[in-house]
There are 2 protein chains.
Amino acid sequence: MPEDPPGAIDRLCTDAVRDSPASPYDAWRELSATHPEAVQLGVGFPFTDAFPTEELAAATNEILRKEPEALQYGGSEAADSLPGAIADHVGRRGLAVGADDLIVTGGASRAIDTIADVFLEPGRVVFTEEATFPSAVTYFRDHGAAVAGCALDREGLDVAALGDDLARRERTGEDLPTLLYTIPTFQNPTGTTLPEKRREALLDLATEYDFAILEDDAYGALRYDGESVPPLAAMDRERPGPDRVIHVGTAAKTIAPGVRIGWVIAPEAVSEEIERRHAGAANSFVRSAVARYLAEESFEERVAKLCESYRSRRDHMLEALEGEMPSHIGWTEPDGGFFVWVTLPDGIDAEAMLPTAAAAGVIYMPGSAFYPNEGGENRLRISFSTGSPAETERAVAALARTIESA
Amino acid sequence: MPEDPPGAIDRLCTDAVRDSPASPYDAWRELSATHPEAVQLGVGFPFTDAFPTEELAAATNEILRKEPEALQYGGSEAADSLPGAIADHVGRRGLAVGADDLIVTGGASRAIDTIADVFLEPGRVVFTEEATFPSAVTYFRDHGAAVAGCALDREGLDVAALGDDLARRERTGEDLPTLLYTIPTFQNPTGTTLPEKRREALLDLATEYDFAILEDDAYGALRYDGESVPPLAAMDRERPGPDRVIHVGTAAKTIAPGVRIGWVIAPEAVSEEIERRHAGAANSFVRSAVARYLAEESFEERVAKLCESYRSRRDHMLEALEGEMPSHIGWTEPDGGFFVWVTLPDGIDAEAMLPTAAAAGVIYMPGSAFYPNEGGENRLRISFSTGSPAETERAVAALARTIESA
């Protein structure tokens with residue numbers, strides 16, 4: 001890191017901020033900029049045609065004509081109806097909540113950051129999956145918390161290994177976590193889904209070791225195959241004892257990322273703290289427009305359409321991988337979400353291979369970008385959410401060629 | 001405070017969050033809910049007719065038709081033009097910055113919270129004006145910082161008294177501030193504006209005692225009388241030595257609060273930290289729509305129209321105060337912004353008087369709501385931004401009657 005100019009004011013930043021590592025996306029960002037012609041499999045963007053542009057335009061027009069108070073602090077009647085629409089949406093996956101139990105936030109990232117405000121400070125530890133959503137790690141670190149990664153396998157978080165680690169920490173007097181952050185369903189970056197039994201075991205550990213769980217359900221509604229697994233928050237609420245799961249969701253993958261609509265469902269006393277910090281931060285204009293839109297097309301109708309598109313995209317990518325990849329390469333086969341997680345042979349460094357791949361016509365996200373600490377060098381994440389079938393095919397072929405000659 | 005239920009998870013909140021005081025708005029909120037018929041002078045809301053609803057509807061339509069990528073992560077060409085429009089806007093008040101020097105945020109509150117992330121942690125001290133924007137205090141406290149109030153007089157922050165306090169702290173080994181938060185122009189809640197000489201002296205103190213300054217310029221563009229005073233950030237950039245002012249602005253009072261558009265202008269190394277934390281948090285949809293709107297009507301055209309309306313609103317309120325108030329009551333006469341700060345005789349408690357005032361037909365914000373610590377009991381804030389002239393007249397008459405019989 002370059003020296004600060006003498007006396008520069010960033011000396012006054014907190015230690016946590018000054019010590020924060022460089023962005024995990026740096027290598028990817030650089031290659032993406034220099035190779036705009038390569039197919040971009042690195043990002044978790046919905047495909048642009050998926051957005052309800054006409055419907056949102058109509059909804060916005062109607063709001064501005066009939067409820068100009070949508071532009072005021074606080075909002076409008078339409079905005080007030082949004083929590084109900086979201087409650088209905090999460091209720092269909094088994095998380096029964098009332099509209100009043102739910103806080104609408106400026107996207108899931110804002111929600112995660114606010115939860116970090118509430119729970120984290122220097123000296124505290126947060127556990128994450130050993131490969132996870134990098135922005136969450138940034139938020140946790142900037143609050144001064146230490147971040148420890150927990151092993152993953154093909155069924156998501158390895159809860160038995162987590163139990164061993166917690167027991168070991170207790171025995172040796174090492175710090176126990178205040179918070180565990182997990183993406184249990186269609187995990188980012190691995191695409192894995194935690195089975196119900198493991199969810200139960202994880203909730204047992206939270207009770208035994210007294211930590212809170214932050215459940216990031218960004219992809220949970222987008223299931224293309226298999227049986228639905230209840231969100232951790234739903235299971236938590238059916239267990240005896242105080243609730244300890246804070247559930248975060250988002251409209252980014254179902255409506256559009258650009259609207260920045262997320263939500264939090266938390267135990268009441270925690271909700272109050274989140275609400276208090278979040279007051280005034282909600283975008284009344286967009287909340288009103290999105291609520292108006294959802295009065296015409298429900299989340300469920302929308303999700304049904306999206307699942308059809310994404311299922312065929314996923315199938316297409318898996319077929320391409322099957323057809324093109326060398327036999328010693330492994331990858332996950334997700335039942336939902338956006339991502340496939342590829343494991344290369346030991347000794348191949350995915351970040352070091354990225355320039356060659358980009359030159360061959362494909363950009364992916366190196367696995368190490370998702371690791372809060374060391375690790376993931378021989379992994380990479382590819383997304384089937386953004387590209388067209390032809391692009392995906394071309395990109396997977398280029399990736400296979402790159403790996404073969406690595 | 002009620003006891004937590006046994007084992008409830010909010011036990012795990014940070015000490016700073018658990019110790020945070022009740023909302024300063026509680027008394028006001030309760031009375032506002034029970035007296036919807038009373039004229040509301042308590043809030044700093046723009047009047048609803050001020051919003052460019054038709055223009056925003058047209059802009060939104062055009063964006064969704066021509067740039068659907070406004071709904072994607074990252075944004076659109078239109079969104080990319082927004083920093084330039086804002087740079088032009090702040091440049092007219094003497095703060096010469098390029099579009100690249102400016103970070104667009106989800107409102108000024110989000111900006112202040114992010115700056116708190118960067119600079120504050122337990123053990124640090126932040127100075128504010130002794131009456132200030134309560135949400136900022138909440139953000140600072142939730143980061144574990146201690147908040148100390150600095151005296152105000154009719155010219156804003158009493159910089160000489162601040163100098164004495166800093167010298168005393170240095171002498172006695174008491175904590176010195178990392179950050180000083182100020183609203184130097186048309187201050188909230190007092191309406192005062194810090195003269196240029198005091199601004200210079202404040203910057204001298206920041207250099208001498210090595211703290212950063214967070215300049216909240218929420219109201220600065222709305223001047224109805226008198227000579228413009230340069231923003232602290234503009235003066236800071238012309239001085240030798242490293243820059244130490246972080247400037248925050250907002251479109252809430254000039255376009256509309258509901259769009260949640262704010263911005264930060266900071267020394268480069270601090271900007272990088274803010275940007276890094278804020279990535280992904282910007283609302284591309286609204287940024288695109290607002291940028292499209294600003295291509296048709298600039299900030300300057302809009303501000304000129306607004307100043308005309310608000311000037312007459314302010315004059316109307318000052319005339320009403322002059323005509324109705326008992327002679328022993330004092331108030332500020334702001335050259336801009338939204339607020340008049342009223343001082344009652346010692347012994348009259350504005351919060352205790354609020355129910356009587358509400359019953360008489362007027363609701364104001366008790367002064368104590370703005371004090372980070374004790375104080376302000378005999379003060380109150382009234383706003384001329386929201387009500388119609390007839391409402392303002394009626395409300396001021398009701399306030400005068402209430403004070404007379406208190």
# chains A, B, ... in the order shown; residues from 1 in each chain; ligands from 1
>>> interface_residues(of="chain A", to="chain B", cutoff="6 Å", atoms="only C-alpha atoms", output="PyMOL selection string")
chain A and resi 8-10+13-14+53+57+61+64+71-73+118-119+242+244+256-260+269-270+283-285
>>> select_by_dssp(residues="range 27-172 of chain A", states="strand (DSSP E or B)", output="VMD selection string")
chain A and resid 39 to 40 102 to 105 125 to 129 146 to 150 152 to 153 156 to 157
>>> atom_distance(atom1="CA of Leu82 in chain B", atom2="CA of Ala111 in chain A")
25.1 Å
>>> closest_residue(among="A:Val248, A:Ala304, A:Ala291, A:Ala38", to="Glu77 in chain A", atoms="only C-alpha atoms")
A:Ala291
>>> residues_around(residues="range 335-352 of chain B", least_positions_apart="2", cutoff="6 Å", atoms="only C-alpha atoms", output="PDB file with C-alpha atoms, in the first residue's frame")
ATOM      1  CA  PHE B 186     -28.786  27.809   7.660  1.00  0.00           C
ATOM      2  CA  THR B 190     -31.246  27.278  14.647  1.00  0.00           C
ATOM      3  CA  GLY B 191     -31.222  28.748  11.112  1.00  0.00           C
ATOM      4  CA  TYR B 219     -29.727  23.715   3.268  1.00  0.00           C
ATOM      5  CA  LEU B 222     -31.524  27.780  -0.306  1.00  0.00           C
ATOM      6  CA  ARG B 223     -30.480  31.386   0.390  1.00  0.00           C
ATOM      7  CA  TYR B 224     -33.189  34.066   0.373  1.00  0.00           C
ATOM      8  CA  ASP B 225     -31.157  37.088   1.513  1.00  0.00           C
ATOM      9  CA  ILE B 329     -39.690  35.862  23.338  1.00  0.00           C
ATOM     10  CA  GLY B 330     -36.670  35.746  20.995  1.00  0.00           C
ATOM     11  CA  TRP B 331     -36.232  34.022  17.655  1.00  0.00           C
ATOM     12  CA  THR B 332     -33.681  33.772  14.874  1.00  0.00           C
ATOM     13  CA  LEU B 354     -46.261  20.603  23.611  1.00  0.00           C
ATOM     14  CA  PRO B 366     -39.019  20.767  21.302  1.00  0.00           C
ATOM     15  CA  GLU B 377     -35.547  22.791  27.368  1.00  0.00           C
ATOM     16  CA  ASN B 378     -36.671  26.375  26.773  1.00  0.00           C
ATOM     17  CA  ARG B 379     -36.142  26.285  23.012  1.00  0.00           C
ATOM     18  CA  LEU B 380     -38.201  25.070  20.110  1.00  0.00           C
ATOM     19  CA  ARG B 381     -37.857  24.792  16.361  1.00  0.00           C
ATOM     20  CA  ILE B 382     -40.542  25.830  13.910  1.00  0.00           C
ATOM     21  CA  SER B 383     -40.367  25.359  10.166  1.00  0.00           C
ATOM     22  CA  PHE B 384     -41.796  27.584   7.470  1.00  0.00           C
ATOM     23  CA  SER B 385     -41.130  25.052   4.708  1.00  0.00           C
TER      24      SER B 385
END
>>> residues_around(residues="Arg29 in chain B", least_positions_apart="5", cutoff="12 Å", atoms="only C-alpha atoms", output="PyMOL selection string")
chain B and resi 23-24+34-36+40+42-43+351+354-355+358+363-366+369
>>> decode(residues="range 335-346 of chain B", atoms="all heavy atoms", output="tab-separated table (two decimals), in the first residue's frame")
chain	number	residue	atom	x	y	z
B	335	ASP	N	-31.46	33.68	6.98
B	335	ASP	CA	-31.33	34.14	5.58
B	335	ASP	C	-31.61	33.02	4.58
B	335	ASP	O	-31.53	33.24	3.37
B	335	ASP	CB	-29.89	34.64	5.33
B	335	ASP	CG	-29.65	36.01	5.94
B	335	ASP	OD1	-30.64	36.75	6.14
B	335	ASP	OD2	-28.48	36.33	6.23
B	336	GLY	N	-31.87	31.82	5.08
B	336	GLY	CA	-32.11	30.71	4.18
B	336	GLY	C	-32.54	29.48	4.96
B	336	GLY	O	-32.75	29.55	6.18
B	337	GLY	N	-32.66	28.36	4.28
B	337	GLY	CA	-33.04	27.12	4.94
B	337	GLY	C	-34.52	27.08	5.28
B	337	GLY	O	-35.33	27.75	4.62
B	338	PHE	N	-34.87	26.32	6.31
B	338	PHE	CA	-36.28	26.03	6.62
B	338	PHE	C	-36.72	26.49	8.01
B	338	PHE	O	-37.90	26.43	8.31
B	338	PHE	CB	-36.52	24.52	6.58
B	338	PHE	CG	-36.58	23.91	5.20
B	338	PHE	CD1	-36.40	24.67	4.05
B	338	PHE	CD2	-36.86	22.55	5.05
B	338	PHE	CE1	-36.47	24.10	2.78
B	338	PHE	CE2	-36.94	21.97	3.80
B	338	PHE	CZ	-36.75	22.74	2.66
B	339	PHE	N	-35.74	26.88	8.90
B	339	PHE	CA	-36.06	26.86	10.32
B	339	PHE	C	-35.91	28.19	11.05
B	339	PHE	O	-34.99	28.96	10.77
B	339	PHE	CB	-35.18	25.84	11.05
B	339	PHE	CG	-35.26	24.47	10.45
B	339	PHE	CD1	-34.12	23.86	9.93
B	339	PHE	CD2	-36.46	23.79	10.40
B	339	PHE	CE1	-34.19	22.60	9.36
B	339	PHE	CE2	-36.54	22.52	9.84
B	339	PHE	CZ	-35.39	21.92	9.32
B	340	VAL	N	-36.81	28.39	12.01
B	340	VAL	CA	-36.69	29.48	12.97
B	340	VAL	C	-36.58	28.84	14.35
B	340	VAL	O	-37.29	27.88	14.66
B	340	VAL	CB	-37.92	30.41	12.90
B	340	VAL	CG1	-37.92	31.41	14.03
B	340	VAL	CG2	-37.96	31.12	11.54
B	341	TRP	N	-35.67	29.37	15.16
B	341	TRP	CA	-35.36	28.81	16.49
B	341	TRP	C	-35.87	29.80	17.52
B	341	TRP	O	-35.48	30.97	17.48
B	341	TRP	CB	-33.86	28.63	16.56
B	341	TRP	CG	-33.21	27.99	17.74
B	341	TRP	CD1	-32.26	28.57	18.54
B	341	TRP	CD2	-33.35	26.65	18.22
B	341	TRP	NE1	-31.80	27.68	19.48
B	341	TRP	CE2	-32.48	26.49	19.32
B	341	TRP	CE3	-34.16	25.58	17.84
B	341	TRP	CZ2	-32.36	25.29	20.03
B	341	TRP	CZ3	-34.05	24.38	18.56
B	341	TRP	CH2	-33.16	24.25	19.63
B	342	VAL	N	-36.74	29.34	18.35
B	342	VAL	CA	-37.42	30.23	19.30
B	342	VAL	C	-36.89	29.97	20.71
B	342	VAL	O	-36.75	28.82	21.12
B	342	VAL	CB	-38.95	29.99	19.25
B	342	VAL	CG1	-39.67	30.86	20.27
B	342	VAL	CG2	-39.48	30.25	17.84
B	343	THR	N	-36.58	31.06	21.43
B	343	THR	CA	-36.13	30.93	22.82
B	343	THR	C	-37.23	31.45	23.75
B	343	THR	O	-37.64	32.61	23.64
B	343	THR	CB	-34.83	31.73	23.03
B	343	THR	OG1	-33.84	31.24	22.12
B	343	THR	CG2	-34.31	31.56	24.45
B	344	LEU	N	-37.67	30.57	24.63
B	344	LEU	CA	-38.70	30.93	25.60
B	344	LEU	C	-38.01	31.42	26.87
B	344	LEU	O	-36.81	31.21	27.07
B	344	LEU	CB	-39.55	29.70	25.93
B	344	LEU	CG	-40.14	28.95	24.73
B	344	LEU	CD1	-40.84	27.67	25.20
B	344	LEU	CD2	-41.12	29.85	23.97
B	345	PRO	N	-38.74	32.07	27.75
B	345	PRO	CA	-38.14	32.47	29.03
B	345	PRO	C	-37.67	31.22	29.79
B	345	PRO	O	-38.27	30.15	29.65
B	345	PRO	CB	-39.29	33.14	29.79
B	345	PRO	CG	-40.31	33.46	28.75
B	345	PRO	CD	-40.15	32.47	27.66
B	346	ASP	N	-36.59	31.38	30.56
B	346	ASP	CA	-36.14	30.28	31.42
B	346	ASP	C	-37.32	29.79	32.26
B	346	ASP	O	-38.13	30.58	32.71
B	346	ASP	CB	-35.03	30.77	32.37
B	346	ASP	CG	-33.69	30.83	31.64
B	346	ASP	OD1	-33.57	30.21	30.56
B	346	ASP	OD2	-32.79	31.52	32.14
